[in-house]
Amino acid sequence: MGRRNKAYSKTLHQQIYDRLTSMQAFGESKREAVANGTMDGKIFSYATYKSYYKQAQYFAGWIKSNHPDCTTLKHARRYVNEYLEGQVDRGLSPWTIHTQAKALSKLYGIKPTDADYFVPPERCRADIKRSRDKTEKKCRFSERNNAELVAFCRGTGCRRGVLEKLRGDDLWSRSRMSAEVASLENKPDRSEAEEKHLVCLKEALQFFPDQDWFVHHRKDKNGKYRYAPIIGTEDQRGRIIARFQNRRPDEKLWQYVNKAADIHGYRSDYAVAVYRMYARNIEDIPYDRVMRGRGKRLRSDAYFCRNDERGRALDRRAMKITSKALGHTREYVIAVSYLRGL
């Protein structure tokens, strides 16, 4: 006799695939899903889906090794917290555990208000390891032999994904951007893609009025587009611009990007340089608010760091400009992950 329920003939890996695949909502509006209450059962980004799928499959492998009698996704749910607590005991970073917890919460529809919701360890800036210490991989990469790549990254702030697909026509001058804005504004029926392109162009021109050359970051993290200024000395900018201009419009700038290159570290260097270009001394930021009930004067444009960085103050306006150059929207991310050594 065959099984009554054919669904249970699938392996745990296959059940995970079916569950997460059914949640795919690539291209749909997350804002609309939040408004109509359908967000919990959807995954809006392919990168998020890929990350959650990988973590869920790791969980399935752990179930197979530690609870071999458990063969269904429904019955495996009882072991989620045991698995995550084991990951904490292994000494994995809080960021990794947060990703794992989010993946399994999405898989099972577990909400923060649920009684069995796993609370991951707190993420602290002091615990960040990436791009800070010497590693075996970094030691295999020679910045001297790859000086052009390093200078390019420090002058453009590219993520690896964008860097690997940059083409000759991704260089934009200020005049070209202004002409494109005028052309799009005069177009009566703009498509959704053209509207987004227009917003990106206007934001770059507004946030960086003193910059003349930009890199078009196509399909960056979460599929976003943006224009980021090329920075550095005149000679450094000239070399970056020349690399674009010496390529055909559809030709890649970099045929190969060394996997050992610390791209995130160079991106941090870019962030620090942009911040310094626009930052004011904290003493020069005016007091423009008064604390209600206490009468204490405050600077709304001053950002005060927390935890291990407590006592350090940053210019909130310069942080916003830096965030725009990096493709972020939260100033907290800039303070924690990028602005170092100030």
# chains A, B, ... in the order shown; residues from 1 in each chain; ligands from 1
>>> residues_around(residues="Glu251 in chain A", least_positions_apart="3", cutoff="12 Å", atoms="only C-alpha atoms", output="PDB file with C-alpha atoms, in the first residue's frame")
ATOM      1  CA  GLU A 164      31.696  42.753 -10.860  1.00  0.00           C
ATOM      2  CA  LYS A 165      29.120  43.993 -13.374  1.00  0.00           C
ATOM      3  CA  LEU A 166      30.122  47.647 -13.890  1.00  0.00           C
ATOM      4  CA  ARG A 167      30.270  48.622 -17.581  1.00  0.00           C
ATOM      5  CA  GLY A 168      31.747  51.482 -19.532  1.00  0.00           C
ATOM      6  CA  ASP A 169      28.427  53.327 -19.750  1.00  0.00           C
ATOM      7  CA  ASP A 170      27.962  53.388 -15.954  1.00  0.00           C
ATOM      8  CA  ARG A 243      39.072  53.376 -16.807  1.00  0.00           C
ATOM      9  CA  PHE A 244      35.417  53.907 -17.702  1.00  0.00           C
ATOM     10  CA  GLN A 245      36.200  55.936 -20.791  1.00  0.00           C
ATOM     11  CA  ASN A 246      38.674  53.341 -22.078  1.00  0.00           C
ATOM     12  CA  ARG A 247      35.961  50.664 -22.144  1.00  0.00           C
ATOM     13  CA  ARG A 248      33.175  50.126 -24.637  1.00  0.00           C
ATOM     14  CA  TRP A 254      36.683  44.300 -14.237  1.00  0.00           C
ATOM     15  CA  GLN A 255      36.814  40.876 -15.816  1.00  0.00           C
TER      16      GLN A 255
END
>>> residues_around(residues="range 11-13 of chain A", least_positions_apart="6", cutoff="7 Å", atoms="only C-alpha atoms", output="list in words")
Gln57, Ala60, Thr71, Thr72 and Leu73 of chain A
>>> closest_residue(among="A:Val150, A:Leu184, A:Ala302, A:Ile231", to="Ala261 in chain A", atoms="only C-alpha atoms")
A:Val150
>>> select_by_dssp(residues="range 152-322 of chain A", states="strand (DSSP E or B)", output="list of chain:residue names")
A:Arg167, A:Leu171, A:Trp172, A:Ser173, A:Trp213, A:Phe214, A:Val215, A:His216, A:His217, A:Arg226, A:Tyr227, A:Ala228, A:Pro229, A:Lys252, A:Arg289, A:Val290, A:Arg297, A:Leu298, A:Ala302, A:Tyr303, A:Phe304, A:Ala313, A:Leu314, A:Asp315
>>> write_last_selection(atoms="C-alpha atoms", output="CSV table (one decimal), in the first residue's frame")
chain,number,residue,atom,x,y,z
A,167,ARG,CA,30.3,48.6,-17.6
A,171,LEU,CA,30.0,56.6,-15.8
A,172,TRP,CA,27.8,59.6,-15.6
A,173,SER,CA,28.9,63.3,-15.7
A,213,TRP,CA,31.3,62.6,-11.9
A,214,PHE,CA,29.2,59.7,-10.7
A,215,VAL,CA,29.0,55.9,-10.9
A,216,HIS,CA,25.6,54.3,-11.7
A,217,HIS,CA,25.1,51.4,-9.3
A,226,ARG,CA,21.6,54.9,-7.3
A,227,TYR,CA,24.3,57.4,-8.4
A,228,ALA,CA,27.3,57.8,-6.1
A,229,PRO,CA,30.0,60.4,-6.5
A,252,LYS,CA,32.9,45.2,-18.1
A,289,ARG,CA,15.8,72.4,20.3
A,290,VAL,CA,14.9,72.5,23.9
A,297,ARG,CA,19.2,72.8,24.9
A,298,LEU,CA,19.8,70.1,22.2
A,302,ALA,CA,24.1,65.8,16.3
A,303,TYR,CA,24.1,62.0,16.5
A,304,PHE,CA,25.4,60.5,19.7
A,313,ALA,CA,29.2,62.6,18.5
A,314,LEU,CA,28.7,62.7,14.7
A,315,ASP,CA,27.2,65.2,12.3
>>> closest_residue(among="A:Gly27, A:Tyr256, A:Lys102, A:Gly327", to="Cys200 in chain A", atoms="only C-alpha atoms")
A:Gly327
>>> atom_distance(atom1="CA of Gly41 in chain A", atom2="CA of Met23 in chain A")
5.8 Å
>>> atom_distance(atom1="CA of Asn281 in chain A", atom2="CA of Met319 in chain A")
13.0 Å
>>> closest_residue(among="A:Ser337, A:Gln236, A:Ser300, A:Ser22", to="Arg154 in chain A", atoms="only C-alpha atoms")
A:Gln236
>>> residues_around(residues="Glu85 in chain A", least_positions_apart="4", cutoff="12 Å", atoms="only C-alpha atoms", output="PDB file with C-alpha atoms, in the first residue's frame")
ATOM      1  CA  TYR A  79      13.240  21.965  17.567  1.00  0.00           C
ATOM      2  CA  VAL A  80      13.746  25.511  16.221  1.00  0.00           C
ATOM      3  CA  ASN A  81      14.787  27.031  19.542  1.00  0.00           C
ATOM      4  CA  ASP A  89      26.695  27.900  22.097  1.00  0.00           C
ATOM      5  CA  ARG A  90      28.896  27.357  19.042  1.00  0.00           C
ATOM      6  CA  GLY A  91      29.968  30.982  19.290  1.00  0.00           C
ATOM      7  CA  LEU A  92      28.511  32.189  15.987  1.00  0.00           C
ATOM      8  CA  PRO A  94      24.987  37.629  16.649  1.00  0.00           C
ATOM      9  CA  ILE A  97      22.176  34.039  14.474  1.00  0.00           C
ATOM     10  CA  HIS A  98      19.800  36.913  13.699  1.00  0.00           C
ATOM     11  CA  GLN A 100      19.073  32.187  11.046  1.00  0.00           C
ATOM     12  CA  ALA A 101      16.300  33.194  13.459  1.00  0.00           C
ATOM     13  CA  PHE A 118      13.588  33.051  19.940  1.00  0.00           C
ATOM     14  CA  VAL A 119      15.314  36.283  20.986  1.00  0.00           C
ATOM     15  CA  PRO A 120      18.803  36.358  19.403  1.00  0.00           C
ATOM     16  CA  PRO A 121      21.765  37.822  21.304  1.00  0.00           C
TER      17      PRO A 121
END
>>> residues_around(residues="His75 in chain A", least_positions_apart="6", cutoff="12 Å", atoms="only C-alpha atoms", output="list in words")
Tyr8, Leu12, Gln15, Ala60, Ile63, His67, Pro68, Asp69 and Tyr108 of chain A
